[in-house]
>>> print(open('entry_14.cif').read())   # mmCIF, C-alpha atoms
data_model
loop_
_atom_site.label_atom_id
_atom_site.label_comp_id
_atom_site.auth_asym_id
_atom_site.auth_seq_id
_atom_site.Cartn_x
_atom_site.Cartn_y
_atom_site.Cartn_z
CA MET A 139 60.45 31.76 61.19
CA THR A 140 62.58 29.75 58.76
CA THR A 141 61.44 28.07 55.56
CA ARG A 142 62.33 24.39 55.41
CA ALA A 143 62.09 21.91 52.54
CA VAL A 144 60.11 19.01 54.00
CA VAL A 145 59.63 15.55 52.51
CA GLU A 146 55.94 15.10 51.68
CA GLY A 147 56.08 11.83 49.77
CA VAL A 148 58.35 9.13 48.34
CA GLY A 149 58.15 6.57 45.57
CA HIS A 150 60.29 4.25 43.50
CA TYR A 151 60.26 2.00 40.47
CA LEU A 152 62.37 -1.00 39.52
CA PRO A 153 62.30 -2.66 36.07
CA ASP A 154 60.64 -6.07 35.91
CA ARG A 155 63.77 -7.97 34.92
CA VAL A 156 65.61 -9.27 37.99
CA VAL A 157 69.18 -10.39 37.32
CA PRO A 158 70.78 -12.69 39.93
CA ASN A 159 74.52 -13.05 40.30
CA ALA A 160 74.34 -16.48 38.70
CA TYR A 161 73.51 -14.79 35.38
CA PHE A 162 77.10 -13.60 35.04
CA GLU A 163 78.60 -17.06 35.61
CA SER A 164 77.72 -18.10 32.07
CA PHE A 165 80.01 -15.57 30.35
CA LEU A 166 82.41 -14.22 33.00
CA ASP A 167 85.06 -15.75 35.26
CA THR A 168 83.03 -15.03 38.37
CA THR A 169 80.66 -16.65 40.86
CA ASP A 170 77.73 -15.66 42.99
CA GLU A 171 79.92 -16.03 46.09
CA TRP A 172 82.71 -13.85 44.61
CA ILE A 173 80.27 -11.03 43.86
CA LYS A 174 78.49 -11.25 47.23
CA THR A 175 81.73 -11.34 49.20
CA ARG A 176 83.22 -8.27 47.52
CA SER A 177 80.12 -6.13 47.13
CA GLY A 178 77.18 -7.52 49.10
CA ILE A 179 75.13 -7.59 45.90
CA GLU A 180 72.89 -10.60 45.24
CA ARG A 181 70.68 -9.33 42.43
CA ARG A 182 69.87 -6.21 40.45
CA HIS A 183 67.25 -5.01 37.96
CA PHE A 184 67.88 -4.28 34.27
CA ALA A 185 65.67 -2.11 32.09
CA ALA A 186 63.89 -3.84 29.23
CA ASP A 187 64.80 -3.18 25.61
CA GLY A 188 63.41 0.22 24.70
CA GLN A 189 62.84 1.20 28.33
CA THR A 190 64.57 4.52 29.02
CA THR A 191 65.69 6.47 32.05
CA SER A 192 62.74 8.84 31.68
CA ASP A 193 60.34 5.86 31.67
CA LEU A 194 61.70 4.76 35.04
CA ALA A 195 61.68 8.33 36.38
CA VAL A 196 58.04 8.89 35.41
CA ARG A 197 56.89 5.75 37.23
CA ALA A 198 58.80 6.68 40.40
CA ALA A 199 57.45 10.24 40.17
CA ARG A 200 53.85 9.05 39.96
CA HIS A 201 54.29 6.87 43.02
CA ALA A 202 55.82 9.78 44.97
CA LEU A 203 53.01 12.13 43.98
CA GLU A 204 50.43 9.56 45.07
CA ASN A 205 52.26 9.04 48.37
CA ALA A 206 52.31 12.81 48.94
CA GLY A 207 48.62 13.13 48.13
CA CYS A 208 49.18 15.67 45.39
CA THR A 209 49.18 15.89 41.60
CA ALA A 210 51.51 17.22 38.94
CA ASP A 211 49.51 20.47 39.00
CA ASP A 212 50.81 21.06 42.53
CA ILE A 213 54.48 20.85 41.46
CA ASP A 214 56.53 23.95 40.62
CA GLY A 215 59.55 22.15 39.22
CA ILE A 216 61.30 18.83 38.58
CA LEU A 217 64.96 18.04 39.24
CA VAL A 218 66.30 14.75 37.87
CA ALA A 219 69.67 13.40 38.94
CA THR A 220 71.05 11.10 36.24
CA SER A 221 74.21 10.24 34.31
CA THR A 222 72.34 8.08 31.79
CA PRO A 223 69.84 10.41 30.09
CA ASP A 224 67.64 9.26 27.21
CA LEU A 225 69.25 11.82 24.88
CA THR A 226 72.12 14.31 25.01
CA PHE A 227 69.34 16.87 25.24
CA PRO A 228 66.64 17.78 26.11
CA SER A 229 66.78 16.93 29.81
CA VAL A 230 65.12 13.90 31.34
CA ALA A 231 63.32 16.33 33.66
CA THR A 232 61.45 17.97 30.79
CA MET A 233 60.50 14.55 29.45
CA VAL A 234 59.08 13.65 32.87
CA GLN A 235 57.32 17.01 32.97
CA ASN A 236 55.62 16.25 29.67
CA GLU A 237 54.59 12.72 30.65
CA LEU A 238 53.08 14.01 33.90
CA GLY A 239 51.06 16.55 31.95
CA MET A 240 52.74 19.59 33.48
CA THR A 241 52.51 22.69 31.30
CA ARG A 242 53.87 25.11 33.91
CA GLY A 243 56.94 25.27 36.11
CA PHE A 244 60.41 24.09 35.12
CA GLY A 245 62.62 21.02 34.87
CA PHE A 246 66.35 20.39 34.68
CA ASP A 247 68.86 17.59 35.17
CA VAL A 248 71.71 17.38 37.67
CA GLN A 249 74.81 15.35 36.79
CA ALA A 250 77.09 14.34 39.65
CA VAL A 251 77.04 10.59 38.96
CA CYS A 252 76.41 8.59 42.16
CA ALA A 253 76.31 11.80 44.21
CA GLY A 254 73.69 13.24 41.87
CA PHE A 255 70.70 12.85 44.16
CA ILE A 256 72.50 14.62 47.01
CA TYR A 257 73.38 17.46 44.65
CA ALA A 258 69.78 17.59 43.39
CA LEU A 259 68.44 17.71 46.96
CA ALA A 260 70.81 20.56 47.81
CA ASN A 261 69.62 22.51 44.76
CA ALA A 262 65.97 21.79 45.50
CA ASN A 263 66.46 22.89 49.09
CA ALA A 264 67.99 26.18 47.93
CA LEU A 265 65.11 26.81 45.52
CA ILE A 266 62.53 26.28 48.25
CA VAL A 267 64.37 28.18 50.99
CA SER A 268 64.89 31.14 48.63
CA GLY A 269 61.20 31.23 47.79
CA GLN A 270 61.59 30.38 44.10
CA ALA A 271 59.47 27.24 44.48
CA ARG A 272 56.92 25.90 46.94
CA ARG A 273 56.87 22.25 45.94
CA LEU A 274 59.42 20.25 43.92
CA LEU A 275 59.74 16.73 42.58
CA VAL A 276 63.30 15.41 43.03
CA ILE A 277 64.16 12.21 41.17
CA GLY A 278 67.17 9.94 40.83
CA ALA A 279 66.95 7.66 37.79
CA GLU A 280 69.51 5.55 35.95
CA THR A 281 69.92 2.87 33.28
CA PHE A 282 73.56 2.01 33.96
CA SER A 283 73.14 -1.32 32.18
CA ARG A 284 73.46 0.73 28.96
CA ILE A 285 77.07 1.73 29.69
CA MET A 286 78.51 -1.54 30.99
CA ASP A 287 81.48 -3.35 29.49
CA TRP A 288 80.19 -6.92 29.73
CA THR A 289 83.74 -8.32 29.54
CA ASP A 290 84.87 -6.46 32.68
CA ARG A 291 83.90 -8.58 35.67
CA SER A 292 85.08 -5.91 38.12
CA THR A 293 82.40 -3.42 37.05
CA CYS A 294 79.51 -4.97 35.13
CA VAL A 295 78.37 -7.12 38.07
CA LEU A 296 77.99 -4.08 40.33
CA PHE A 297 75.40 -1.88 38.66
CA GLY A 298 71.65 -1.94 38.15
CA ASP A 299 68.79 0.21 36.89
CA GLY A 300 66.01 1.94 38.79
CA ALA A 301 64.48 5.19 39.95
CA GLY A 302 63.41 6.85 43.17
CA ALA A 303 61.61 10.12 43.80
CA ILE A 304 60.58 12.43 46.60
CA VAL A 305 58.21 15.38 46.83
CA LEU A 306 59.66 18.34 48.74
CA GLY A 307 57.39 21.07 50.02
CA ALA A 308 57.93 24.38 51.81
CA GLN A 309 57.06 24.48 55.50
CA GLN A 310 57.74 27.04 58.18
CA GLY A 311 60.11 26.04 60.96
CA THR A 312 61.82 27.60 63.94
CA GLY A 313 65.29 27.57 62.46
CA THR A 314 66.52 24.96 64.94
CA ALA A 315 67.60 21.34 64.55
CA GLN A 316 64.16 20.31 65.84
CA ASP A 317 62.53 21.39 62.57
CA SER A 318 61.28 18.89 60.04
CA GLY A 319 62.89 18.89 56.61
CA ILE A 320 66.38 19.44 55.27
CA LEU A 321 68.56 20.79 58.06
CA SER A 322 71.89 21.01 56.22
CA THR A 323 73.76 20.06 53.06
CA ASP A 324 77.45 19.57 52.30
CA LEU A 325 78.80 19.35 48.73
CA ASN A 326 82.35 18.64 47.54
CA SER A 327 84.28 17.68 44.41
CA ASP A 328 87.89 17.18 43.35
CA GLY A 329 88.67 16.73 39.66
CA ARG A 330 92.14 15.34 40.35
CA TYR A 331 90.50 11.95 40.95
CA ARG A 332 88.72 11.80 37.59
CA ASP A 333 90.40 8.59 36.43
CA MET A 334 89.14 6.58 39.41
CA LEU A 335 85.63 6.44 37.97
CA PHE A 336 84.65 7.63 34.51
CA VAL A 337 82.99 6.74 31.21
CA ASP A 338 85.34 6.58 28.23
CA GLY A 339 83.03 8.34 25.78
CA GLY A 340 81.11 11.53 25.23
CA VAL A 341 79.68 13.98 22.71
CA SER A 342 82.77 16.16 22.29
CA SER A 343 85.40 13.40 22.68
CA THR A 344 84.37 10.16 20.97
CA GLY A 345 80.84 10.87 19.81
CA THR A 346 79.73 7.68 21.58
CA ALA A 347 78.17 6.91 24.95
CA GLY A 348 81.27 4.97 26.06
CA LYS A 349 81.67 2.38 28.81
CA LEU A 350 82.18 2.72 32.54
CA ARG A 351 85.74 2.39 33.88
CA MET A 352 86.67 2.16 37.55
CA GLN A 353 89.73 1.75 39.76
CA GLY A 354 88.10 -0.21 42.55
CA ASN A 355 90.66 -0.32 45.35
CA PRO A 356 91.78 3.34 45.23
CA LEU A 357 88.14 4.42 44.97
CA PHE A 358 87.20 2.32 48.02
CA ARG A 359 89.82 4.07 50.14
CA GLN A 360 88.67 7.52 49.01
CA ALA A 361 85.01 6.63 49.50
CA VAL A 362 85.11 5.69 53.18
CA GLU A 363 87.20 8.70 54.13
CA LYS A 364 85.20 11.24 52.13
CA LEU A 365 81.77 9.86 52.99
CA THR A 366 82.55 9.96 56.70
CA SER A 367 83.97 13.48 56.43
CA THR A 368 81.01 14.91 54.52
CA ALA A 369 78.47 13.26 56.84
CA GLU A 370 80.21 14.70 59.89
CA SER A 371 80.41 18.12 58.25
CA ALA A 372 76.70 18.10 57.44
CA LEU A 373 75.83 17.07 60.99
CA GLU A 374 77.97 19.86 62.40
CA LYS A 375 76.21 22.40 60.14
CA ALA A 376 72.87 21.11 61.42
CA GLY A 377 73.98 21.40 65.05
CA LEU A 378 73.73 17.65 65.56
CA VAL A 379 76.10 14.81 66.45
CA ASP A 380 76.31 11.13 65.50
CA ALA A 381 74.24 10.10 68.52
CA ASP A 382 71.30 12.16 67.20
CA VAL A 383 71.10 10.12 64.00
CA ASN A 384 68.30 7.57 63.76
CA TRP A 385 69.22 6.32 60.29
CA ILE A 386 72.05 6.52 57.81
CA VAL A 387 70.64 6.20 54.29
CA PRO A 388 73.83 5.87 52.23
CA HIS A 389 74.55 5.53 48.55
CA GLN A 390 74.22 1.81 47.89
CA ALA A 391 77.50 1.11 46.11
CA ASN A 392 79.20 -1.62 48.11
CA ILE A 393 78.41 -3.19 51.48
CA ARG A 394 82.03 -2.81 52.61
CA ILE A 395 81.96 0.94 51.96
CA ILE A 396 78.64 1.21 53.82
CA GLN A 397 80.00 -0.77 56.77
CA GLY A 398 83.28 1.15 56.83
CA THR A 399 81.54 4.53 56.89
CA ALA A 400 79.12 3.49 59.63
CA ARG A 401 81.99 2.11 61.70
CA LYS A 402 83.98 5.36 61.42
CA MET A 403 80.89 7.31 62.50
CA GLY A 404 80.27 4.96 65.41
CA ILE A 405 76.78 4.06 64.19
CA PRO A 406 75.71 0.38 64.35
CA MET A 407 74.57 -1.34 61.17
CA ASP A 408 71.06 -1.84 62.55
CA ARG A 409 70.64 1.91 62.08
CA VAL A 410 71.77 1.82 58.45
CA ILE A 411 69.35 1.33 55.55
CA VAL A 412 70.83 -1.31 53.23
CA THR A 413 69.29 -2.27 49.89
CA VAL A 414 72.44 -2.95 47.86
CA GLN A 415 71.80 -6.71 48.01
CA ASP A 416 68.60 -6.32 45.99
CA HIS A 417 69.35 -3.35 43.71
CA GLY A 418 73.10 -3.27 43.13
CA ASN A 419 74.60 0.17 42.55
CA THR A 420 71.90 2.27 40.86
CA SER A 421 74.04 5.43 41.01
CA ALA A 422 71.90 8.57 41.52
CA ALA A 423 68.81 6.41 42.05
CA SER A 424 70.20 4.46 45.00
CA ILE A 425 69.40 6.87 47.85
CA PRO A 426 65.81 7.69 46.87
CA LEU A 427 65.23 3.99 46.16
CA ALA A 428 66.52 3.11 49.64
CA LEU A 429 64.43 5.88 51.22
CA SER A 430 61.25 4.70 49.53
CA VAL A 431 61.82 1.05 50.42
CA ALA A 432 62.62 1.90 54.05
CA VAL A 433 59.48 4.02 54.39
CA ALA A 434 57.37 1.26 52.83
CA GLU A 435 58.84 -1.23 55.31
CA GLY A 436 57.96 1.03 58.23
CA LYS A 437 61.54 1.66 59.29
CA ILE A 438 61.72 5.42 58.77
CA LYS A 439 59.14 7.34 60.78
CA ARG A 440 58.19 10.99 61.18
CA GLY A 441 60.63 12.82 63.41
CA ASP A 442 63.59 10.55 62.61
CA VAL A 443 66.91 12.23 61.84
CA LEU A 444 68.50 10.91 58.63
CA VAL A 445 71.95 11.35 57.15
CA SER A 446 72.38 10.51 53.47
CA GLU A 447 75.80 10.57 51.84
CA ALA A 448 77.15 9.60 48.43
CA ILE A 449 80.28 9.69 46.30
CA GLY A 450 80.60 9.36 42.55
CA GLY A 451 82.75 10.13 39.56
CA GLY A 452 84.46 13.48 39.49
CA LEU A 453 85.13 12.73 42.24
CA ALA A 454 81.99 14.38 43.62
CA TRP A 455 80.61 13.70 47.08
CA GLY A 456 78.24 15.17 49.62
CA ALA A 457 75.70 14.67 52.38
CA VAL A 458 72.29 15.84 53.49
CA VAL A 459 70.87 15.86 57.01
CA LEU A 460 67.10 15.95 57.31
CA ARG A 461 64.40 15.29 59.86
CA TRP A 462 61.68 13.12 58.36
#
>>> encode(input="entry_14.cif", output="structure tokens")
Amino acid sequence: MTTRAVVEGVGHYLPDRVVPNAYFESFLDTTDEWIKTRSGIERRHFAADGQTTSDLAVRAARHALENAGCTADDIDGILVATSTPDLTFPSVATMVQNELGMTRGFGFDVQAVCAGFIYALANANALIVSGQARRLLVIGAETFSRIMDWTDRSTCVLFGDGAGAIVLGAQQGTGTAQDSGILSTDLNSDGRYRDMLFVDGGVSSTGTAGKLRMQGNPLFRQAVEKLTSTAESALEKAGLVDADVNWIVPHQANIRIIQGTARKMGIPMDRVIVTVQDHGNTSAASIPLALSVAVAEGKIKRGDVLVSEAIGGGLAWGAVVLRW
């Protein structure tokens, strides 16, 4: 028998403030049509004044716990993927732990920018498979609106705030691709590409949070190639092929990247979960947000094979294959 990390529940939270593309027309040289054409984004959510990343994470966590039919007392640990923590330290995960009333177990953050949730899932899977935990809460949460340069029309129109969460639990499987749960993971990074996507501040450099900077066109070319490669690698590790995939649940960065990756994998867009039009790029929150929305809409069903892939600053990228 083989221990698998199986999804037991999902949840998400989006701040109340919805920001349509037209909002940016009042202070930037841009239009709704320009933004939609280049990114597929129509609207996004921004956190309210005083609303932090941990606030969003807690709400998503509670929804996931409810969906899983369990409580915080059933959780052994919390992993939060974020690049926009409330504070330099302590971790967002420990803040969530406190708000949920957990006085046992552990919590820590994972920072791989937009690939953060994939990295967190890979770590959670390893903890469960190794027997160090039986049930984990894995969260992606971001308030990217806090690090935007509102004079840069090429970046500030792309990002939004939100959180998504899943509950992973240990379950015995056969060790084959027919098992439920995470079947394979594939993680990669290459620091030579740092300047393609970064924030120009930090504790030991400027002592400030800084603002997001991005080289859009070079990053686009890297994204499609690397996302396709990591998805194929993860499928190969799982003993599956593209034709076995029911759904791609990609990082929601840009509709053209999503379409390009699906095309290279030979998977039609009607088998791709797309939420970028409503959420924008929510970085590490985008995949769990998309998962939760797709489950709520009845698209993803038990037994479906999913591939999730993401790329973010670093560059860091990776993929997870799981059977729902």
>>> resolve_selection(input="entry_14.cif", expression="the PyMOL selection byres ((chain A and resi 402) around 10)", output="list in words")
Val362, Glu363, Leu365, Thr366, Ser367, Gln397, Gly398, Thr399, Ala400, Arg401, Met403, Gly404 and Ile405 of chain A
>>> write_last_selection(input="entry_14.cif", atoms="C-alpha atoms", output="tab-separated table (two decimals), keeping the file's coordinate frame")
chain	number	residue	atom	x	y	z
A	362	VAL	CA	85.11	5.69	53.18
A	363	GLU	CA	87.20	8.70	54.13
A	365	LEU	CA	81.77	9.86	52.99
A	366	THR	CA	82.55	9.96	56.70
A	367	SER	CA	83.97	13.48	56.43
A	397	GLN	CA	80.00	-0.77	56.77
A	398	GLY	CA	83.28	1.15	56.83
A	399	THR	CA	81.54	4.53	56.89
A	400	ALA	CA	79.12	3.49	59.63
A	401	ARG	CA	81.99	2.11	61.70
A	403	MET	CA	80.89	7.31	62.50
A	404	GLY	CA	80.27	4.96	65.41
A	405	ILE	CA	76.78	4.06	64.19
>>> closest_residue(input="entry_14.cif", among="A:Gly147, A:Pro228, A:Gly451, A:Gly377", to="Gly313 in chain A", atoms="all atoms listed in the file")
A:Gly377
>>> residues_around(input="entry_14.cif", residues="range 259-265 of chain A", least_positions_apart="2", cutoff="7 Å", atoms="all atoms listed in the file", output="PyMOL selection string")
chain A and resi 143+255-257+267-271+274+276+323
>>> resolve_selection(input="entry_14.cif", expression="the PyMOL selection byres ((chain A and resi 284) around 12)", output="ChimeraX atom specification")
/A:184-191,221-224,280-283,285-288,294,297-299,337,346-350
>>> closest_residue(input="entry_14.cif", among="A:Gln249, A:Thr169, A:Ser164, A:Thr209", to="Val305 in chain A", atoms="all atoms listed in the file")
A:Thr209
>>> closest_residue(input="entry_14.cif", among="A:Leu275, A:Ala432, A:Ile425, A:Val412", to="Cys208 in chain A", atoms="all atoms listed in the file")
A:Leu275
>>> resolve_selection(input="entry_14.cif", expression="the PyMOL selection byres ((chain A and resi 316) around 10)", output="count of residues only")
15
>>> residues_around(input="entry_14.cif", residues="Ala160 in chain A", least_positions_apart="4", cutoff="10 Å", atoms="all atoms listed in the file", output="list in words")
Ser164, Thr168, Thr169, Asp170, Glu171, Ile173, Glu180 and Arg181 of chain A
>>> closest_residue(input="entry_14.cif", among="A:Gly452, A:Pro388, A:Gly300, A:Gly418", to="Arg330 in chain A", atoms="all atoms listed in the file")
A:Gly452
>>> closest_residue(input="entry_14.cif", among="A:Leu429, A:Cys252, A:Leu325, A:Ala434", to="Trp462 in chain A", atoms="all atoms listed in the file")
A:Leu429
>>> closest_residue(input="entry_14.cif", among="A:Val156, A:Ser446, A:Met334, A:Pro406", to="Ile386 in chain A", atoms="all atoms listed in the file")
A:Ser446
>>> closest_atom_pairs(input="entry_14.cif", of="range 414-458 of chain A", to="range 194-204 of chain A", cutoff="10 Å", atoms="only C-alpha atoms", output="Markdown table")
| residue | atom | partner | partner_atom | distance |
| --- | --- | --- | --- | --- |
| A:Ala423 | CA | A:Ala195 | CA | 9.3 |
| A:Pro426 | CA | A:Ala198 | CA | 9.6 |
| A:Leu427 | CA | A:Ala198 | CA | 9.0 |
| A:Ser430 | CA | A:Ala202 | CA | 8.7 |
>>> atom_distance(input="entry_14.cif", atom1="CA of Leu444 in chain A", atom2="CA of Ala372 in chain A")
11.0 Å
